[in-house]
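Engineer: For reference, the file input_22.cif (mmCIF, C-alpha atoms) is included below:
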data_data
#
loop_
_atom_site.label_atom_id
_atom_site.label_comp_id
_atom_site.auth_asym_id
_atom_site.auth_seq_id
_atom_site.Cartn_x
_atom_site.Cartn_y
_atom_site.Cartn_z
CA MET A 1 152.09 94.65 62.39
CA LYS A 2 154.39 97.20 60.84
CA ARG A 3 152.21 100.14 61.88
CA ARG A 4 151.63 98.91 65.47
CA LEU A 5 155.31 98.21 66.16
CA GLY A 6 156.28 101.49 64.55
CA LEU A 7 153.95 103.39 66.86
CA VAL A 8 155.35 101.58 69.88
CA LEU A 9 158.91 102.46 68.92
CA THR A 10 157.99 106.05 68.11
CA ALA A 11 156.30 106.42 71.48
CA ALA A 12 159.39 105.04 73.19
CA VAL A 13 161.63 107.47 71.33
CA LEU A 14 159.43 110.45 72.21
CA ALA A 15 159.30 109.35 75.83
CA VAL A 16 163.08 109.54 75.97
CA ILE A 17 163.57 112.67 73.87
CA MET A 18 160.78 114.68 75.51
CA PRO A 19 160.49 113.47 79.13
CA VAL A 20 157.83 114.95 81.36
CA THR A 21 159.42 117.74 83.39
CA SER A 22 159.19 117.22 87.13
CA ALA A 23 158.27 120.17 89.31
CA GLY A 24 161.10 119.18 91.65
CA ALA A 25 163.66 119.55 88.86
CA ASN A 26 163.34 123.35 88.72
CA PRO A 27 166.75 124.83 89.67
CA ARG A 28 165.03 127.85 91.22
CA ASP A 29 163.07 125.55 93.51
CA ASP A 30 166.29 123.77 94.48
CA LYS A 31 168.02 127.07 95.28
CA SER A 32 165.04 128.32 97.27
CA LYS A 33 165.02 125.09 99.25
CA VAL A 34 168.75 125.38 99.99
CA ASP A 35 168.37 129.05 100.98
CA GLU A 36 165.58 128.16 103.38
CA ARG A 37 167.68 125.37 104.88
CA VAL A 38 170.62 127.78 105.36
CA LYS A 39 168.32 130.07 107.29
CA GLU A 40 167.05 127.19 109.45
CA LEU A 41 170.59 125.98 110.18
CA GLN A 42 171.74 129.40 111.27
CA GLN A 43 168.74 129.69 113.56
CA GLU A 44 169.34 126.24 115.05
CA PHE A 45 173.10 126.66 115.47
CA GLU A 46 174.11 130.15 116.55
CA GLY A 47 177.39 131.31 115.08
CA LEU A 48 177.32 128.84 112.18
CA ASP A 49 179.04 130.55 109.24
CA GLU A 50 176.73 131.16 106.29
CA ASP A 51 179.12 129.56 103.80
CA LEU A 52 179.36 126.45 105.96
CA ALA A 53 175.61 126.44 106.46
CA ARG A 54 175.20 126.50 102.67
CA VAL A 55 177.64 123.62 102.26
CA ILE A 56 175.64 121.62 104.79
CA ALA A 57 172.36 122.53 103.09
CA GLU A 58 173.75 121.49 99.70
CA ARG A 59 175.04 118.24 101.21
CA ASP A 60 171.61 117.55 102.71
CA ALA A 61 169.88 118.38 99.41
CA ALA A 62 172.26 116.07 97.53
CA GLU A 63 171.62 113.23 99.97
CA GLU A 64 167.88 113.76 99.58
CA LYS A 65 168.08 113.64 95.78
CA LEU A 66 170.57 110.77 95.61
CA PRO A 67 168.10 107.80 95.83
CA ASP A 68 165.87 109.19 93.06
CA ALA A 69 168.91 110.01 90.92
CA GLU A 70 170.29 106.49 91.38
CA ALA A 71 166.92 104.98 90.47
CA ALA A 72 166.58 107.26 87.42
CA SER A 73 170.10 106.38 86.25
CA LYS A 74 169.43 102.66 86.62
CA LYS A 75 166.12 102.98 84.78
CA ALA A 76 167.85 104.85 81.96
CA ASP A 77 170.60 102.21 81.79
CA ASP A 78 167.97 99.46 81.65
CA ALA A 79 166.12 101.32 78.89
CA LEU A 80 169.39 101.69 76.98
CA ALA A 81 170.15 97.98 77.32
CA GLU A 82 166.65 97.17 76.05
CA ALA A 83 167.05 99.62 73.15
CA ILE A 84 170.41 98.08 72.20
CA GLU A 85 168.88 94.60 72.36
CA THR A 86 165.98 95.73 70.16
CA ASP A 87 168.37 97.39 67.71
CA ASP A 88 170.54 94.27 67.52
CA ALA A 89 167.48 92.06 67.00
CA MET A 90 166.16 94.33 64.25
CA ALA A 91 169.57 94.38 62.56
CA ALA A 92 169.74 90.57 62.70
CA ARG A 93 166.23 90.23 61.23
CA LEU A 94 167.07 92.71 58.47
CA THR A 95 170.30 90.87 57.63
CA SER A 96 168.46 87.55 57.56
CA ALA A 97 165.77 88.97 55.27
CA GLN A 98 168.39 90.53 52.96
CA ASN A 99 170.26 87.21 52.77
CA ALA A 100 166.99 85.45 51.93
CA GLN A 101 166.32 88.08 49.24
CA LYS A 102 169.77 87.50 47.77
CA ASP A 103 169.29 83.69 47.74
CA LEU A 104 165.85 84.01 46.11
CA LYS A 105 167.19 86.33 43.42
CA THR A 106 169.96 83.81 42.67
CA SER A 107 167.45 80.92 42.58
CA ILE A 108 165.15 82.89 40.24
CA LYS A 109 168.07 83.75 37.94
CA ASP A 110 169.28 80.13 37.85
CA GLY A 111 165.70 78.97 37.29
CA ALA A 112 165.24 81.41 34.43
CA GLU A 113 168.38 80.06 32.76
CA GLU A 114 167.11 76.51 33.24
CA ILE A 115 163.75 77.47 31.73
CA ASP A 116 165.50 79.07 28.74
CA LYS A 117 167.48 75.88 28.21
CA HIS A 118 164.42 73.65 28.32
CA LYS A 119 162.43 76.08 26.21
CA THR A 120 165.12 75.65 23.52
CA SER A 121 164.65 71.87 23.66
CA ALA A 122 160.90 72.28 23.50
CA ALA A 123 161.21 74.63 20.50
CA ARG A 124 163.36 72.08 18.66
CA ILE A 125 160.73 69.41 19.23
CA GLY A 126 158.08 71.81 17.92
CA ARG A 127 160.08 72.49 14.78
CA GLN A 128 160.48 68.77 14.14
CA ALA A 129 156.77 68.32 14.48
CA TYR A 130 156.15 71.13 11.99
CA GLN A 131 158.70 69.70 9.55
CA ASN A 132 156.85 66.37 9.58
CA SER A 133 153.77 68.16 8.28
CA GLY A 134 151.65 68.01 11.31
CA ILE A 135 152.58 64.50 12.29
CA THR A 136 153.17 64.36 16.01
CA SER A 137 156.75 64.66 16.97
CA ASP A 138 156.59 61.24 18.64
CA LEU A 139 155.42 59.55 15.42
CA ALA A 140 157.93 61.46 13.27
CA MET A 141 160.73 60.45 15.50
CA LEU A 142 159.48 56.87 15.47
CA LEU A 143 159.48 56.73 11.67
CA GLN A 144 162.86 58.39 11.32
CA MET A 145 164.56 56.28 13.89
CA ALA A 146 163.02 53.03 12.62
CA GLU A 147 164.39 53.43 9.09
CA GLY A 148 167.46 51.32 8.28
CA THR A 149 167.43 49.56 11.67
CA SER A 150 166.08 46.42 13.13
CA ALA A 151 162.59 46.63 14.49
CA ASP A 152 163.59 46.14 18.12
CA GLY A 153 166.46 48.65 17.99
CA GLY A 154 164.47 51.36 16.27
CA ILE A 155 161.51 51.08 18.58
CA GLY A 156 163.80 51.27 21.59
CA ARG A 157 165.40 54.46 20.39
CA VAL A 158 162.04 56.02 19.68
CA ASP A 159 160.79 55.09 23.14
CA SER A 160 163.87 56.64 24.72
CA ALA A 161 163.42 59.85 22.74
CA VAL A 162 159.76 60.12 23.73
CA ARG A 163 160.63 59.70 27.42
CA SER A 164 163.37 62.34 27.09
CA GLN A 165 160.90 64.76 25.50
CA GLN A 166 158.39 64.22 28.27
CA ARG A 167 161.01 64.80 30.95
CA THR A 168 161.97 68.07 29.25
CA ILE A 169 158.37 69.23 29.23
CA ASP A 170 157.86 68.14 32.88
CA THR A 171 161.08 69.84 34.00
CA LEU A 172 160.11 73.03 32.18
CA SER A 173 156.71 73.02 33.90
CA GLU A 174 158.22 72.31 37.33
CA GLN A 175 160.87 75.02 36.97
CA ARG A 176 158.24 77.53 35.95
CA ALA A 177 156.22 76.64 39.08
CA VAL A 178 159.34 76.92 41.27
CA ASN A 179 160.23 80.29 39.78
CA LYS A 180 156.69 81.58 40.22
CA ASN A 181 156.79 80.51 43.89
CA ASN A 182 160.23 82.10 44.35
CA GLU A 183 159.02 85.34 42.78
CA GLU A 184 156.05 85.43 45.14
CA ARG A 185 158.37 84.76 48.09
CA LEU A 186 160.76 87.45 46.81
CA SER A 187 157.92 89.95 46.70
CA GLY A 188 157.02 89.11 50.31
CA VAL A 189 160.65 89.32 51.46
CA THR A 190 161.07 92.65 49.67
CA ASP A 191 158.04 94.05 51.48
CA GLU A 192 159.35 92.64 54.75
CA ILE A 193 162.74 94.29 54.17
CA SER A 194 161.01 97.62 53.58
CA ASP A 195 159.11 97.24 56.87
CA LEU A 196 162.21 96.10 58.72
CA LYS A 197 164.23 99.06 57.45
CA ASP A 198 161.60 101.44 58.84
CA GLU A 199 161.51 99.61 62.17
CA ALA A 200 165.30 99.33 62.29
CA ALA A 201 165.61 103.09 61.70
CA GLU A 202 163.23 103.74 64.60
CA ALA A 203 165.15 101.24 66.75
CA VAL A 204 168.38 103.10 66.00
CA LEU A 205 166.72 106.41 66.89
CA ALA A 206 165.38 104.91 70.13
CA LYS A 207 168.83 103.58 70.99
CA GLU A 208 170.49 106.94 70.33
CA ALA A 209 167.86 108.73 72.42
CA ALA A 210 168.31 106.16 75.20
CA GLN A 211 172.07 106.71 75.07
CA ILE A 212 171.57 110.48 75.45
CA ASP A 213 169.13 110.01 78.32
CA ALA A 214 171.35 107.45 80.07
CA LYS A 215 174.32 109.82 79.86
CA LYS A 216 172.24 112.74 81.12
CA LYS A 217 170.97 110.69 84.08
CA SER A 218 174.48 109.38 84.77
CA ASP A 219 175.95 112.90 84.64
CA SER A 220 173.22 114.16 86.96
CA LEU A 221 173.92 111.35 89.41
CA ASN A 222 177.66 112.04 89.27
CA ASP A 223 177.06 115.75 89.87
CA ILE A 224 175.00 114.94 92.96
CA ILE A 225 177.64 112.54 94.25
CA THR A 226 180.38 115.11 93.59
CA THR A 227 178.41 117.83 95.40
CA LYS A 228 177.85 115.49 98.33
CA ASP A 229 181.49 114.36 98.48
CA ASP A 230 182.85 117.91 98.17
CA ALA A 231 180.50 119.12 100.89
CA GLU A 232 181.48 116.28 103.20
CA LYS A 233 185.15 117.08 102.65
CA THR A 234 184.56 120.77 103.46
CA ILE A 235 182.61 119.78 106.56
CA SER A 236 185.38 117.39 107.59
CA ASP A 237 188.04 120.08 107.02
CA ASN A 238 186.15 122.43 109.35
CA LYS A 239 185.37 119.87 112.03
CA ALA A 240 188.38 120.51 114.26
CA GLU A 241 187.98 124.29 114.16
CA THR A 242 184.25 124.01 114.87
CA GLU A 243 184.83 121.63 117.78
CA GLU A 244 187.29 124.12 119.22
CA GLN A 245 184.80 126.97 118.83
CA LEU A 246 181.99 124.95 120.42
CA GLN A 247 184.24 123.97 123.31
CA LYS A 248 185.05 127.64 123.93
CA GLU A 249 181.33 128.42 124.00
CA GLN A 250 180.72 125.54 126.39
CA ASP A 251 183.56 126.70 128.66
CA GLU A 252 182.08 130.19 128.56
CA GLN A 253 178.67 128.86 129.58
CA ASP A 254 180.21 126.79 132.35
CA ARG A 255 182.14 129.81 133.65
CA LEU A 256 179.00 131.91 133.61
CA ALA A 257 176.98 129.24 135.41
CA LYS A 258 179.67 128.98 138.10
CA LYS A 259 179.93 132.75 138.44
CA VAL A 260 176.18 133.15 138.82
CA ARG A 261 175.97 130.29 141.29
CA ASP A 262 178.86 131.64 143.37
CA TRP A 263 177.29 135.10 143.33
CA GLU A 264 173.93 133.72 144.47
CA LYS A 265 175.54 131.77 147.31
CA ASP A 266 177.45 134.84 148.38
CA GLN A 267 174.28 136.94 148.38
CA GLU A 268 172.50 134.31 150.46
CA LYS A 269 175.30 134.36 153.00
CA LYS A 270 175.15 138.14 153.18
CA GLY A 271 171.38 138.09 153.42
CA LYS A 272 171.11 140.36 150.43
CA PHE A 273 169.31 138.01 148.10
CA VAL A 274 166.56 139.89 146.25
CA TYR A 275 163.17 138.25 146.20
CA GLY A 276 160.87 139.09 143.35
CA ASP A 277 157.16 138.35 143.00
CA GLY A 278 157.95 134.82 141.81
CA GLU A 279 156.69 135.41 138.28
CA LEU A 280 158.62 136.09 135.09
CA ALA A 281 157.43 137.72 131.87
CA ASN A 282 158.38 137.23 128.23
CA PRO A 283 161.25 139.65 127.52
CA ALA A 284 160.32 139.84 123.80
CA LYS A 285 156.55 139.55 123.96
CA GLY A 286 154.85 139.49 120.55
CA TYR A 287 157.87 138.20 118.65
CA PRO A 288 158.10 134.64 117.26
CA THR A 289 160.26 131.84 118.58
CA THR A 290 162.84 131.05 115.90
CA SER A 291 164.79 128.33 117.70
CA PRO A 292 163.65 126.48 120.83
CA PHE A 293 165.62 125.16 123.78
CA GLY A 294 166.93 121.62 123.45
CA TYR A 295 169.58 119.19 122.28
CA ARG A 296 170.38 118.71 118.62
CA ILE A 297 173.08 117.01 116.55
CA HIS A 298 175.58 119.53 115.25
CA PRO A 299 175.84 119.20 111.44
CA ILE A 300 179.63 119.60 111.39
CA THR A 301 180.87 117.77 114.48
CA GLY A 302 178.10 115.19 114.62
CA ALA A 303 178.04 115.62 118.39
CA LYS A 304 174.99 116.34 120.54
CA LYS A 305 174.86 120.02 121.48
CA LEU A 306 172.52 121.85 123.82
CA HIS A 307 170.85 124.99 122.57
CA SER A 308 170.73 126.47 126.02
CA GLY A 309 167.95 129.00 125.48
CA THR A 310 165.09 130.15 123.31
CA ASP A 311 165.68 132.47 120.36
CA PHE A 312 163.17 135.18 119.56
CA GLY A 313 163.09 136.77 116.12
CA VAL A 314 163.38 140.41 117.11
CA PRO A 315 164.88 143.03 114.77
CA CYS A 316 168.09 144.76 115.76
CA GLY A 317 167.49 147.71 118.06
CA THR A 318 164.34 146.28 119.64
CA PRO A 319 164.06 147.19 123.37
CA ILE A 320 164.60 144.10 125.54
CA ARG A 321 162.88 144.08 128.96
CA ALA A 322 163.79 142.34 132.20
CA ALA A 323 161.77 139.17 132.73
CA GLY A 324 161.39 139.94 136.45
CA ASP A 325 162.67 141.88 139.44
CA GLY A 326 166.30 141.23 140.30
CA ILE A 327 169.92 142.31 140.39
CA VAL A 328 172.23 142.53 137.38
CA VAL A 329 175.05 140.02 137.89
CA ILE A 330 176.81 140.68 134.55
CA SER A 331 176.41 143.39 131.93
CA GLY A 332 179.12 143.37 129.27
CA TRP A 333 180.93 141.52 126.53
CA THR A 334 181.09 137.72 126.89
CA GLY A 335 182.74 136.39 123.72
CA GLY A 336 180.46 134.22 121.59
CA TYR A 337 177.34 135.53 123.33
CA GLY A 338 178.22 139.11 122.52
CA ASN A 339 176.87 141.87 124.74
CA ARG A 340 175.17 139.98 127.53
CA VAL A 341 173.00 140.84 130.52
CA VAL A 342 172.53 138.35 133.37
CA ILE A 343 169.89 139.03 136.06
CA SER A 344 169.43 137.08 139.27
CA HIS A 345 165.77 136.82 140.34
CA GLY A 346 166.43 135.23 143.75
CA LYS A 347 164.36 132.27 144.82
CA ILE A 348 161.31 131.12 142.88
CA LYS A 349 159.53 128.12 144.38
CA GLY A 350 162.68 127.27 146.32
CA ASP A 351 165.07 127.38 143.34
CA SER A 352 167.64 130.03 142.52
CA ILE A 353 166.60 131.51 139.15
CA ALA A 354 168.58 133.79 136.82
CA SER A 355 167.88 135.01 133.29
CA THR A 356 170.32 135.90 130.49
CA TYR A 357 169.86 138.16 127.45
CA ASN A 358 172.41 137.72 124.66
CA HIS A 359 173.75 139.27 121.40
CA ASN A 360 172.58 142.77 122.32
CA THR A 361 173.66 145.92 120.52
CA ASP A 362 173.44 148.33 123.46
CA LEU A 363 173.38 147.63 127.20
CA LYS A 364 171.20 149.85 129.40
CA VAL A 365 172.20 148.49 132.84
CA ARG A 366 175.40 147.86 134.81
CA ASP A 367 176.70 145.19 137.18
CA GLY A 368 175.00 145.23 140.61
CA GLN A 369 172.08 147.39 139.46
CA LYS A 370 168.60 146.53 140.74
CA VAL A 371 165.97 146.21 138.01
CA LYS A 372 162.21 145.83 137.85
CA LYS A 373 160.12 143.48 135.72
CA GLY A 374 159.53 145.10 132.30
CA GLN A 375 162.39 147.57 132.62
CA VAL A 376 164.37 148.08 129.39
CA ILE A 377 167.80 146.56 129.95
CA SER A 378 169.22 146.48 126.39
CA ASP A 379 168.57 146.81 122.67
CA SER A 380 168.63 143.60 120.64
CA GLY A 381 171.38 142.97 118.08
CA THR A 382 173.61 140.36 116.49
CA THR A 383 176.89 140.66 118.42
CA GLY A 384 179.20 137.76 119.20
CA ALA A 385 178.74 134.41 117.42
CA SER A 386 175.45 135.45 115.86
CA THR A 387 174.35 135.30 112.24
CA GLY A 388 171.33 137.57 112.44
CA CYS A 389 169.35 139.91 114.65
CA HIS A 390 167.63 138.03 117.48
CA LEU A 391 167.44 137.62 121.24
CA HIS A 392 168.91 134.47 122.77
CA PHE A 393 167.12 134.21 126.12
CA GLU A 394 168.11 131.73 128.85
CA ILE A 395 166.89 130.65 132.26
CA MET A 396 169.40 129.28 134.78
CA LYS A 397 167.98 127.14 137.58
CA ASN A 398 170.40 126.53 140.46
CA GLY A 399 173.27 127.22 138.05
CA GLY A 400 172.04 124.93 135.25
CA TYR A 401 170.35 125.81 131.94
CA VAL A 402 166.68 124.83 131.58
CA ASP A 403 163.90 125.44 129.08
CA PRO A 404 162.84 129.09 129.57
CA MET A 405 159.33 128.77 128.19
CA PRO A 406 157.64 127.24 131.27
CA TYR A 407 158.95 130.18 133.34
CA ILE A 408 157.65 133.08 131.27
CA SER A 409 154.05 134.09 130.67
#
Translate the structure described by the file into structure tokens.
Structural biologist:
Amino acid sequence: MKRRLGLVLTAAVLAVIMPVTSAGANPRDDKSKVDERVKELQQEFEGLDEDLARVIAERDAAEEKLPDAEAASKKADDALAEAIETDDAMAARLTSAQNAQKDLKTSIKDGAEEIDKHKTSAARIGRQAYQNSGITSDLAMLLQMAEGTSADGGIGRVDSAVRSQQRTIDTLSEQRAVNKNNEERLSGVTDEISDLKDEAAEAVLAKEAAQIDAKKKSDSLNDIITTKDDAEKTISDNKAETEEQLQKEQDEQDRLAKKVRDWEKDQEKKGKFVYGDGELANPAKGYPTTSPFGYRIHPITGAKKLHSGTDFGVPCGTPIRAAGDGIVVISGWTGGYGNRVVISHGKIKGDSIASTYNHNTDLKVRDGQKVKKGQVISDSGTTGASTGCHLHFEIMKNGGYVDPMPYIS
């Protein structure tokens, strides 16, 4: 029993002191994951500051780790409670065994004194028997006590003495048996105390290890909560400024849409509307899409925001080509969209279609210039509210922003 329980406790201690390392616990992996998320955020939300993107990524990472951290902390607390309970139980058993040992030692000591006392009485009886030259002590006592007394009185005293002698012998025998039993019990209790001390020492070690692990898990959980709370505060502090920035971008888009629509109507009235071949081409053919058209929830404001175009991952300085024949409506600086080119392609399948090319470094065309499909109109860049080199390409249909991908081959 001692060996089996000892192994169980040792295994528990080792499990706490040397936990299996999780692959997900590698700080380098965590940083790499955050870095990748920062990159994704900046691709999804043009103009999002890198520091803010990192705060958001760290907040998201903390939220992802929080359930596991809470579960790990609770498990460690439960293990600590169990270790404390085991330690208390072992301490109680050890105290009980030590008290039993103390009581047995006292009983054995008292019994030894009682045996010594009765051995003295027995020795006196033996000496009397020897002094009566081999006559039994009972007979010698009978003769001695009968002399000079009446027959009845002498016999009575002899009978009483014989009974007293027998009780002494019986008591001596019983006490010896009791002491022998107590000594055997004491030996067992002593062995038990030795076992309990070993087990109690392991229980203490397990409790201390559990305390260390519980604190580590608690600290880890608190760090995650602190990171999350700090990030949320930073996000909250930047909410108003971000909302203002996004509103400016939206106003800019609305102004552009109105300007393009008014220009198209004016051209129709004048009969100068340019008609292309009705087909548009990819202005950054061969480069990957890094952020598609569509609505998404902004990570700072929490509001739904339209990503009004498709982003292509083109390096800075890459020649950007017109998607189709048309007339340049705008070529110049437009705030958050940087150096921008807007081309009207006239009517395609009955709808007025225009294309926009944003964040350019250099512009190769001017307002009112006619262009052909495939003509270089700009070099890509990262001007305006941009966090990296790319082309933000848009299609405007009757003055509204639509997914560009179905329009380009």
Engineer: Would you write out, as a ChimeraX atom specification, every residue that the PyMOL selection byres ((chain A and resi 189) around 8) captures in this file?
Structural biologist: /A:97-98,100-101,185-188,190-193
Engineer: Please, what distance in Å, to one decimal, runs between CA of Lys370 (chain A) and CA of Phe293 (chain A)?
Structural biologist: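 Separation of CA of Lys370 (chain A) and CA of Phe293 (chain A): 27.4 Å.
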Engineer: Point out the residue among A:Ala71, A:Ala203, A:Val314, A:Val365 with the least atom-to-atom distance to Ser220 (chain A), counting only C-alpha atoms.
Structural biologist: A:Ala71
Engineer: Kindly give the distance, in Å, that separates CA of Arg37 (chain A) and CA of Glu243 (chain A), rounded to a single decimal.
Structural biologist: 21.8 Å
Engineer: Which distance in Å separates CA of Ile225 (chain A) and CA of Glu63 (chain A), to one decimal?
Structural biologist: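 Going from CA of Ile225 (chain A) over to CA of Glu63 (chain A), I get 8.3 Å.
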Engineer: For the file shown, what are the residues hit by the PyMOL selection byres ((chain A and resi 402) around 12), laid out as number ranges by chain?
Structural biologist: A: 257, 292-295, 306-310, 353-356, 393-401, 403-407
Engineer: I'd like the contact shell of region 232-240 of chain A - 10 Å cut-off, only C-alpha atoms, skipping same-chain residues fewer than 2 positions apart - returned as a ChimeraX atom specification.
Structural biologist: /A:52-53,55-56,58-60,226-230,242-246,299-302
Engineer: Output the residue selection produced by the PyMOL selection byres ((chain A and resi 41) around 10) on the file above, formatted as a count of residues only.
Structural biologist: 23
Engineer: Counting all atoms listed in the file, which residue out of A:Gly381, A:Gly346, A:Gly111, A:Pro27 sits closest to Gly271 (chain A)?
Structural biologist: A:Gly346
Engineer: Go through A:Gly336, A:Thr382, A:Ile115, A:Thr361 and flag the residue nearest Asp311 (chain A), using only C-alpha atoms for the distances.
Structural biologist: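 Of A:Gly336, A:Thr382, A:Ile115, A:Thr361, the one nearest Asp311 (chain A), counting only C-alpha atoms, is A:Thr382.
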Engineer: Please identify all polymer residues within 12 Å of Asp362 (chain A), counting all atoms listed in the file, omitting same-chain residues fewer than 3 positions from it, and present them as a ChimeraX atom specification.
Structural biologist: /A:316-320,331-333,338-341,357-359,365-366,376-383
Engineer: Residues within 8 Å of region 262-266 of chain A, please, as a PyMOL selection string. Count all atoms listed in the file; anything in the same chain fewer than 5 positions from it doesn't count.
Structural biologist: chain A and resi 273+329+344+346+352
Engineer: Excluding Gly326 (chain A) and any residue of its chain fewer than 2 positions from it, enumerate the residues within 7 Å of it, using only C-alpha atoms, and give them as a CSV table (one decimal) with C-alpha atoms, in the frame of the given file.
Structural biologist:
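Generated output (result-v8.csv):
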chain,number,residue,atom,x,y,z
A,274,VAL,CA,166.6,139.9,146.2
A,276,GLY,CA,160.9,139.1,143.4
A,324,GLY,CA,161.4,139.9,136.4
A,328,VAL,CA,172.2,142.5,137.4
A,343,ILE,CA,169.9,139.0,136.1
A,344,SER,CA,169.4,137.1,139.3
A,345,HIS,CA,165.8,136.8,140.3
A,346,GLY,CA,166.4,135.2,143.8
A,370,LYS,CA,168.6,146.5,140.7
A,371,VAL,CA,166.0,146.2,138.0
A,372,LYS,CA,162.2,145.8,137.8
Engineer: Nearest residue to Arg261 (chain A) out of A:Asp170, A:Glu64, A:Asp116, A:Asp351, using all atoms listed in the file?
Structural biologist: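 Between A:Asp170, A:Glu64, A:Asp116, A:Asp351, the residue approaching Arg261 (chain A) most closely is A:Asp351.
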